[in-house]
$ cat coords-v7.txt   # compact mmCIF, C-alpha atoms
# COMPACT_ATOMS: atom_id res chain seq x y z
CA MET P 1 0.00 0.00 0.00
CA LEU P 2 2.74 2.44 0.97
CA ARG P 3 4.68 1.56 -2.17
CA GLY P 4 1.57 2.24 -4.25
CA LEU P 5 1.03 5.59 -2.57
CA TRP P 6 4.65 6.52 -3.16
CA ARG P 7 4.41 5.62 -6.85
CA ALA P 8 1.23 7.67 -7.18
CA TYR P 9 2.97 10.59 -5.51
CA GLU P 10 5.95 10.27 -7.87
CA ARG P 11 3.64 10.23 -10.89
CA GLN P 12 1.86 13.36 -9.72
CA LEU P 13 5.17 15.03 -8.92
CA ALA P 14 6.46 14.29 -12.41
CA ALA P 15 3.24 15.51 -14.02
CA ASN P 16 2.91 18.76 -12.07
CA ARG P 17 5.37 19.49 -9.29
CA VAL P 18 3.83 22.76 -8.13
CA ARG P 19 0.29 21.39 -7.95
CA THR P 20 1.48 18.31 -6.05
CA GLN P 21 3.45 20.40 -3.56
CA MET P 22 0.39 22.62 -3.05
CA ALA P 23 -1.81 19.60 -2.28
CA THR P 24 0.74 18.11 0.13
CA SER P 25 1.26 21.42 1.92
CA CYS P 26 -2.50 21.96 2.15
CA PHE P 27 -3.03 18.62 3.89
CA LEU P 28 -0.10 18.95 6.29
CA TRP P 29 -0.85 22.54 7.29
CA GLY P 30 -4.49 21.63 7.90
CA ALA P 31 -3.44 18.70 10.08
CA GLY P 32 -0.91 20.90 11.87
CA ASP P 33 -3.57 23.51 12.66
CA VAL P 34 -5.92 20.85 14.08
CA LEU P 35 -3.06 19.67 16.30
CA ALA P 36 -2.39 23.27 17.36
CA GLN P 37 -6.07 23.71 18.26
CA ARG P 38 -5.92 20.53 20.29
CA ILE P 39 -2.94 21.91 22.23
CA GLU P 40 -4.78 25.19 22.83
CA HIS P 41 -7.84 23.26 24.04
CA TYR P 42 -5.70 21.23 26.44
CA GLU P 43 -4.11 24.41 27.80
CA ALA P 44 -7.51 26.00 28.38
CA GLN P 45 -8.68 22.81 30.16
CA ASN P 46 -12.05 22.91 28.42
CA LYS P 47 -14.16 19.76 28.43
CA GLY P 48 -15.57 19.96 24.93
CA PHE P 49 -13.34 20.20 21.87
CA THR P 50 -14.70 21.50 18.57
CA ILE P 51 -12.44 22.17 15.61
CA ASP P 52 -12.55 25.74 14.33
CA GLN P 53 -13.23 24.67 10.76
CA ARG P 54 -12.91 28.18 9.35
CA ARG P 55 -9.43 28.60 10.83
CA THR P 56 -8.29 25.15 9.70
CA LEU P 57 -9.63 25.63 6.16
CA LEU P 58 -8.07 29.06 5.82
CA THR P 59 -4.74 27.81 7.19
CA ALA P 60 -4.69 24.73 4.97
CA VAL P 61 -5.73 26.46 1.76
CA GLY P 62 -4.78 30.10 2.27
CA PHE P 63 -1.35 29.46 3.75
CA GLY P 64 -0.39 25.83 3.09
CA ALA P 65 -1.59 25.52 -0.50
CA VAL P 66 -1.32 29.11 -1.70
CA PHE P 67 1.96 30.10 -0.01
CA VAL P 68 4.01 27.13 1.24
CA GLY P 69 3.42 24.84 -1.75
CA PRO P 70 4.37 27.06 -4.71
CA VAL P 71 6.87 29.24 -2.85
CA GLY P 72 8.58 26.19 -1.35
CA GLU P 73 8.87 24.46 -4.73
CA LEU P 74 10.30 27.55 -6.41
CA TRP P 75 12.61 28.22 -3.47
CA TYR P 76 14.26 24.79 -3.25
CA SER P 77 14.67 24.47 -7.01
CA GLY P 78 16.09 27.99 -7.23
CA LEU P 79 18.29 27.56 -4.16
CA GLU P 80 19.97 24.52 -5.68
CA LYS P 81 20.72 26.35 -8.94
CA ALA P 82 21.93 29.52 -7.20
CA CYS P 83 24.27 27.63 -4.88
CA ARG P 84 25.67 25.60 -7.80
CA ARG P 85 26.69 28.90 -9.37
CA LEU P 86 27.97 30.45 -6.12
CA VAL P 87 29.89 27.38 -4.95
CA PRO P 88 30.68 25.16 -7.95
CA GLY P 89 31.94 21.68 -7.22
CA GLY P 90 29.74 20.90 -4.22
CA GLY P 91 31.32 19.79 -0.96
CA ALA P 92 31.01 21.17 2.55
CA ARG P 93 31.02 24.84 1.50
CA PHE P 94 28.14 24.19 -0.89
CA LEU P 95 26.11 22.49 1.85
CA VAL P 96 26.80 25.22 4.42
CA THR P 97 25.87 27.91 1.89
CA LYS P 98 22.53 26.22 1.20
CA VAL P 99 21.70 25.79 4.87
CA VAL P 100 22.67 29.37 5.77
CA LEU P 101 20.68 30.88 2.89
CA ASP P 102 17.68 28.69 3.64
CA SER P 103 17.72 29.64 7.33
CA ALA P 104 18.27 33.35 6.72
CA VAL P 105 15.88 33.89 3.80
CA MET P 106 13.21 31.19 3.78
CA GLY P 107 13.22 30.67 7.54
CA SER P 108 12.60 34.30 8.42
CA MET P 109 10.12 34.83 5.55
CA TYR P 110 8.19 31.72 6.60
CA VAL P 111 7.62 32.99 10.16
CA ALA P 112 6.81 36.56 9.06
CA ALA P 113 4.42 35.32 6.36
CA PHE P 114 2.42 33.20 8.80
CA PHE P 115 2.23 36.02 11.33
CA ALA P 116 0.94 38.30 8.55
CA PHE P 117 -1.57 35.67 7.48
CA GLY P 118 -2.72 35.06 11.04
CA SER P 119 -3.02 38.70 12.02
CA ILE P 120 -4.62 40.00 8.82
CA VAL P 121 -6.63 37.04 7.50
CA LEU P 122 -7.48 34.87 10.51
CA GLU P 123 -7.91 37.55 13.15
CA GLY P 124 -8.74 40.59 11.02
CA ASN P 125 -6.38 42.84 12.99
CA GLY P 126 -4.87 44.46 9.92
CA LEU P 127 -1.37 45.80 9.44
CA GLN P 128 -1.15 47.21 12.95
CA GLY P 129 -1.95 43.82 14.46
CA PHE P 130 0.71 42.19 12.28
CA LEU P 131 3.36 44.72 13.32
CA GLN P 132 2.46 44.20 16.98
CA LYS P 133 2.72 40.43 16.53
CA MET P 134 6.11 40.77 14.86
CA LYS P 135 7.39 43.01 17.64
CA GLY P 136 6.31 40.64 20.38
CA ASP P 137 6.82 37.15 18.93
CA PHE P 138 9.02 37.16 15.82
CA VAL P 139 12.42 36.89 17.55
CA PRO P 140 11.59 34.00 19.93
CA THR P 141 9.68 32.13 17.22
CA TYR P 142 12.46 32.51 14.65
CA ALA P 143 15.03 31.50 17.30
CA ALA P 144 13.01 28.35 18.03
CA GLU P 145 12.95 27.57 14.31
CA LEU P 146 16.73 28.03 14.09
CA ALA P 147 17.21 25.51 16.88
CA VAL P 148 15.71 22.76 14.71
CA TRP P 149 15.62 23.48 10.98
CA PRO P 150 19.34 23.89 10.18
CA LEU P 151 19.89 20.32 11.45
CA VAL P 152 16.94 19.01 9.44
CA GLN P 153 18.06 20.82 6.31
CA THR P 154 21.66 19.67 6.64
CA ALA P 155 20.46 16.07 6.40
CA ASN P 156 17.86 16.97 3.77
CA PHE P 157 20.30 18.75 1.46
CA SER P 158 22.95 16.04 1.97
CA TYR P 159 20.93 12.91 1.21
CA VAL P 160 17.64 13.82 -0.51
CA PRO P 161 17.19 14.64 -4.23
CA VAL P 162 16.05 18.21 -4.92
CA ARG P 163 12.65 17.08 -6.21
CA HIS P 164 11.93 15.44 -2.83
CA GLN P 165 13.39 18.09 -0.53
CA LEU P 166 10.09 19.92 -0.08
CA LEU P 167 8.45 16.59 0.80
CA VAL P 168 10.95 16.20 3.65
CA VAL P 169 10.26 19.77 4.74
CA ASN P 170 6.51 19.18 4.54
CA THR P 171 6.81 16.00 6.61
CA PHE P 172 8.71 17.75 9.39
CA SER P 173 6.35 20.68 8.99
CA LEU P 174 3.46 18.64 10.39
CA LEU P 175 4.80 19.33 13.88
CA ASP P 176 6.33 22.65 12.91
CA ALA P 177 3.02 23.80 11.43
CA ALA P 178 1.38 22.96 14.75
CA PHE P 179 3.98 25.04 16.58
CA ILE P 180 3.84 27.99 14.18
CA SER P 181 0.04 27.88 14.08
CA TRP P 182 -0.12 27.73 17.87
CA ALA P 183 2.44 30.55 18.26
CA GLY P 184 0.66 32.61 15.64
CA ASN P 185 -2.60 32.39 17.59
CA GLN P 186 -1.08 33.22 21.00
CA HIS P 187 -0.26 36.53 22.60
CA ASP P 188 3.32 36.47 23.97
CA TRP P 189 3.74 32.67 23.80
CA PHE P 190 7.36 33.01 24.92
CA GLY P 191 6.25 34.81 28.08
CA LYS P 192 3.76 32.02 28.79
CA ILE P 193 6.47 29.37 28.61
CA MET P 194 8.86 31.42 30.73
CA GLY P 195 6.12 31.83 33.32
CA ARG P 196 5.55 28.08 33.49
CA LEU P 197 9.26 27.54 33.96
CA GLY P 198 9.28 30.02 36.83
CA LEU P 199 11.26 32.54 34.79
CA GLY P 200 8.41 34.97 34.22
CA ASP P 201 9.82 37.72 36.43
CA ALA P 202 13.23 37.55 34.77
CA SER P 203 11.61 37.61 31.35
CA ARG P 204 9.47 40.62 32.23
CA ALA P 205 12.47 42.40 33.73
CA ALA P 206 14.47 41.81 30.56
CA GLY P 207 11.56 43.10 28.48
CA ALA P 208 11.22 46.16 30.67
CA GLY P 209 14.94 46.84 30.36
CA GLY P 210 14.69 46.61 26.59
CA HIS P 211 11.71 48.96 26.62
CA ILE P 212 13.62 51.52 28.70
CA LYS P 213 16.54 51.36 26.26
CA GLU P 214 14.21 51.92 23.33
CA GLN P 215 12.87 55.06 25.00

$ encode --input "coords-v7.txt" --output "structure tokens"
Amino acid sequence: MLRGLWRAYERQLAANRVRTQMATSCFLWGAGDVLAQRIEHYEAQNKGFTIDQRRTLLTAVGFGAVFVGPVGELWYSGLEKACRRLVPGGGARFLVTKVVLDSAVMGSMYVAAFFAFGSIVLEGNGLQGFLQKMKGDFVPTYAAELAVWPLVQTANFSYVPVRHQLLVVNTFSLLDAAFISWAGNQHDWFGKIMGRLGLGDASRAAGAGGHIKEQ
């Protein structure tokens, strides 16, 4: 069965790579959002759990299919070609260049794009809401992404053909989509975690210090 599914996926990928990546991203981002909602429900300690179908549909189609699928396909194909020109001959420098560019460009754009989508489309808070979200949560969210994705991409770029690299990213994105979706629908998620670890006062003090410096 799994072999048959893989062959069907390969046929679709060969026929239309962008469309196939869009469908895969749509499914995984929808599943990731349902998982994120489940986490939010558990945190709230509510007895009844009902999926916010509007949010899941918008996340799956509006972000997964429309943004992650086509942009991811174009990015990984283009990244391979660009790095071949920048660092001909392959080797360690080629791999490091790919990972650094992916983390710096795609990684940061990915977080910012979902925050924009969440603030403007899901919550209807407009540009001001997006800027507020970026100010409060971009740095800790991007830092959390950098703790995981460079390791994943090092293995991905080393052993996986370019045509399958987005599939690897999409597979790992099932959990990452849950995290990003959860973080995108929280206010100061980093502060929440610090509070649970008993570091809330230190975190608030650091934030206050930064605010004083800004003034």

$ atom_distance --input "coords-v7.txt" --atom1 "atom CA of Gly107 of chain P" --atom2 "atom CA of Gly90 of chain P"
22.5 Å

$ residues_around --input "coords-v7.txt" --residues "segment 158-163 of chain P" --least-positions-apart "5" --cutoff "9 Å" --atoms "all atoms listed in the file" --output "list in words"
Leu13, Arg17, Glu73, Tyr76, Ser77, Glu80, Leu95, Gln153 and Val168 of chain P

$ closest_residue --input "coords-v7.txt" --among "P:Leu101, P:Cys83, P:Val139, P:Leu58" --to "Ile120 of chain P" --atoms "only C-alpha atoms"
P:Leu58

$ atom_distance --input "coords-v7.txt" --atom1 "atom CA of Ala112 of chain P" --atom2 "atom CA of Gln132 of chain P"
11.8 Å

$ atom_distance --input "coords-v7.txt" --atom1 "atom CA of Gly129 of chain P" --atom2 "atom CA of Phe67 of chain P"
20.3 Å

$ closest_residue --input "coords-v7.txt" --among "P:Gly126, P:Leu86, P:Ala60, P:Leu5" --to "Cys26 of chain P" --atoms "all atoms listed in the file"
P:Ala60

$ closest_residue --input "coords-v7.txt" --among "P:Tyr42, P:Phe157, P:Phe27, P:Tyr142" --to "Ala65 of chain P" --atoms "all atoms listed in the file"
P:Phe27

$ closest_residue --input "coords-v7.txt" --among "P:Thr171, P:Ser25, P:Thr59, P:Thr20" --to "Glu123 of chain P" --atoms "only C-alpha atoms"
P:Thr59

$ residues_around --input "coords-v7.txt" --residues "Gly30 of chain P" --least-positions-apart "4" --cutoff "12 Å" --atoms "all atoms listed in the file" --output "MDAnalysis selection string"
chainID P and resid 23:26 34:37 51:65 170 173:178 181

$ write_last_selection --input "coords-v7.txt" --atoms "C-alpha atoms" --output "PDB file, keeping the file's coordinate frame"
ATOM      1  CA  ALA P  23      -1.810  19.600  -2.280  1.00  0.00           C
ATOM      2  CA  THR P  24       0.740  18.110   0.130  1.00  0.00           C
ATOM      3  CA  SER P  25       1.260  21.420   1.920  1.00  0.00           C
ATOM      4  CA  CYS P  26      -2.500  21.960   2.150  1.00  0.00           C
ATOM      5  CA  VAL P  34      -5.920  20.850  14.080  1.00  0.00           C
ATOM      6  CA  LEU P  35      -3.060  19.670  16.300  1.00  0.00           C
ATOM      7  CA  ALA P  36      -2.390  23.270  17.360  1.00  0.00           C
ATOM      8  CA  GLN P  37      -6.070  23.710  18.260  1.00  0.00           C
ATOM      9  CA  ILE P  51     -12.440  22.170  15.610  1.00  0.00           C
ATOM     10  CA  ASP P  52     -12.550  25.740  14.330  1.00  0.00           C
ATOM     11  CA  GLN P  53     -13.230  24.670  10.760  1.00  0.00           C
ATOM     12  CA  ARG P  54     -12.910  28.180   9.350  1.00  0.00           C
ATOM     13  CA  ARG P  55      -9.430  28.600  10.830  1.00  0.00           C
ATOM     14  CA  THR P  56      -8.290  25.150   9.700  1.00  0.00           C
ATOM     15  CA  LEU P  57      -9.630  25.630   6.160  1.00  0.00           C
ATOM     16  CA  LEU P  58      -8.070  29.060   5.820  1.00  0.00           C
ATOM     17  CA  THR P  59      -4.740  27.810   7.190  1.00  0.00           C
ATOM     18  CA  ALA P  60      -4.690  24.730   4.970  1.00  0.00           C
ATOM     19  CA  VAL P  61      -5.730  26.460   1.760  1.00  0.00           C
ATOM     20  CA  GLY P  62      -4.780  30.100   2.270  1.00  0.00           C
ATOM     21  CA  PHE P  63      -1.350  29.460   3.750  1.00  0.00           C
ATOM     22  CA  GLY P  64      -0.390  25.830   3.090  1.00  0.00           C
ATOM     23  CA  ALA P  65      -1.590  25.520  -0.500  1.00  0.00           C
ATOM     24  CA  ASN P 170       6.510  19.180   4.540  1.00  0.00           C
ATOM     25  CA  SER P 173       6.350  20.680   8.990  1.00  0.00           C
ATOM     26  CA  LEU P 174       3.460  18.640  10.390  1.00  0.00           C
ATOM     27  CA  LEU P 175       4.800  19.330  13.880  1.00  0.00           C
ATOM     28  CA  ASP P 176       6.330  22.650  12.910  1.00  0.00           C
ATOM     29  CA  ALA P 177       3.020  23.800  11.430  1.00  0.00           C
ATOM     30  CA  ALA P 178       1.380  22.960  14.750  1.00  0.00           C
ATOM     31  CA  SER P 181       0.040  27.880  14.080  1.00  0.00           C
TER      32      SER P 181
END

$ residues_around --input "coords-v7.txt" --residues "Trp149 of chain P" --least-positions-apart "2" --cutoff "10 Å" --atoms "all atoms listed in the file" --output "ChimeraX atom specification"
/P:99,102-103,107,144-147,151-156,169,172-173,176

$ write_last_selection --input "coords-v7.txt" --atoms "C-alpha atoms" --output "compact mmCIF listing (two decimals), in the coordinates of the input"
# COMPACT_ATOMS: atom_id res chain seq x y z
CA VAL P 99 21.70 25.79 4.87
CA ASP P 102 17.68 28.69 3.64
CA SER P 103 17.72 29.64 7.33
CA GLY P 107 13.22 30.67 7.54
CA ALA P 144 13.01 28.35 18.03
CA GLU P 145 12.95 27.57 14.31
CA LEU P 146 16.73 28.03 14.09
CA ALA P 147 17.21 25.51 16.88
CA LEU P 151 19.89 20.32 11.45
CA VAL P 152 16.94 19.01 9.44
CA GLN P 153 18.06 20.82 6.31
CA THR P 154 21.66 19.67 6.64
CA ALA P 155 20.46 16.07 6.40
CA ASN P 156 17.86 16.97 3.77
CA VAL P 169 10.26 19.77 4.74
CA PHE P 172 8.71 17.75 9.39
CA SER P 173 6.35 20.68 8.99
CA ASP P 176 6.33 22.65 12.91

$ axis_aligned_box --input "coords-v7.txt" --around "segment 3-12 of chain P" --padding-each-side "6 Å" --output "lines of an AutoDock Vina configuration file"
center_x = 3.5
center_y = 7.5
center_z = -6.5
size_x = 16.9
size_y = 23.8
size_z = 20.7

$ decode --input "coords-v7.txt" --residues "segment 154-166 of chain P" --atoms "N, CA and C atoms" --output "CSV table (one decimal), in the first residue's frame"
chain,number,residue,atom,x,y,z
P,154,THR,N,20.3,20.2,6.9
P,154,THR,CA,21.7,19.7,6.6
P,154,THR,C,21.5,18.2,6.2
P,155,ALA,N,20.7,17.4,6.8
P,155,ALA,CA,20.5,16.1,6.4
P,155,ALA,C,19.7,16.0,5.1
P,156,ASN,N,18.7,16.9,5.0
P,156,ASN,CA,17.9,17.0,3.8
P,156,ASN,C,18.7,17.3,2.5
P,157,PHE,N,19.5,18.3,2.6
P,157,PHE,CA,20.3,18.7,1.5
P,157,PHE,C,21.4,17.8,1.2
P,158,SER,N,21.8,17.0,2.2
P,158,SER,CA,22.9,16.0,2.0
P,158,SER,C,22.5,14.7,1.3
P,159,TYR,N,21.3,14.3,1.6
P,159,TYR,CA,20.9,12.9,1.2
P,159,TYR,C,19.7,12.8,0.3
P,160,VAL,N,18.9,13.9,0.2
P,160,VAL,CA,17.6,13.8,-0.5
P,160,VAL,C,17.7,14.6,-1.8
P,161,PRO,N,17.2,13.9,-2.9
P,161,PRO,CA,17.2,14.6,-4.2
P,161,PRO,C,16.4,15.9,-4.1
P,162,VAL,N,16.7,16.9,-5.0
P,162,VAL,CA,16.1,18.2,-4.9
P,162,VAL,C,14.5,18.1,-5.1
P,163,ARG,N,14.1,17.2,-6.0
P,163,ARG,CA,12.7,17.1,-6.2
P,163,ARG,C,11.9,16.6,-5.0
P,164,HIS,N,12.6,15.9,-4.0
P,164,HIS,CA,11.9,15.4,-2.8
P,164,HIS,C,12.2,16.3,-1.6
P,165,GLN,N,13.0,17.3,-1.7
P,165,GLN,CA,13.4,18.1,-0.5
P,165,GLN,C,12.2,18.8,0.1
P,166,LEU,N,11.3,19.3,-0.7
P,166,LEU,CA,10.1,19.9,-0.1
P,166,LEU,C,9.2,18.9,0.6
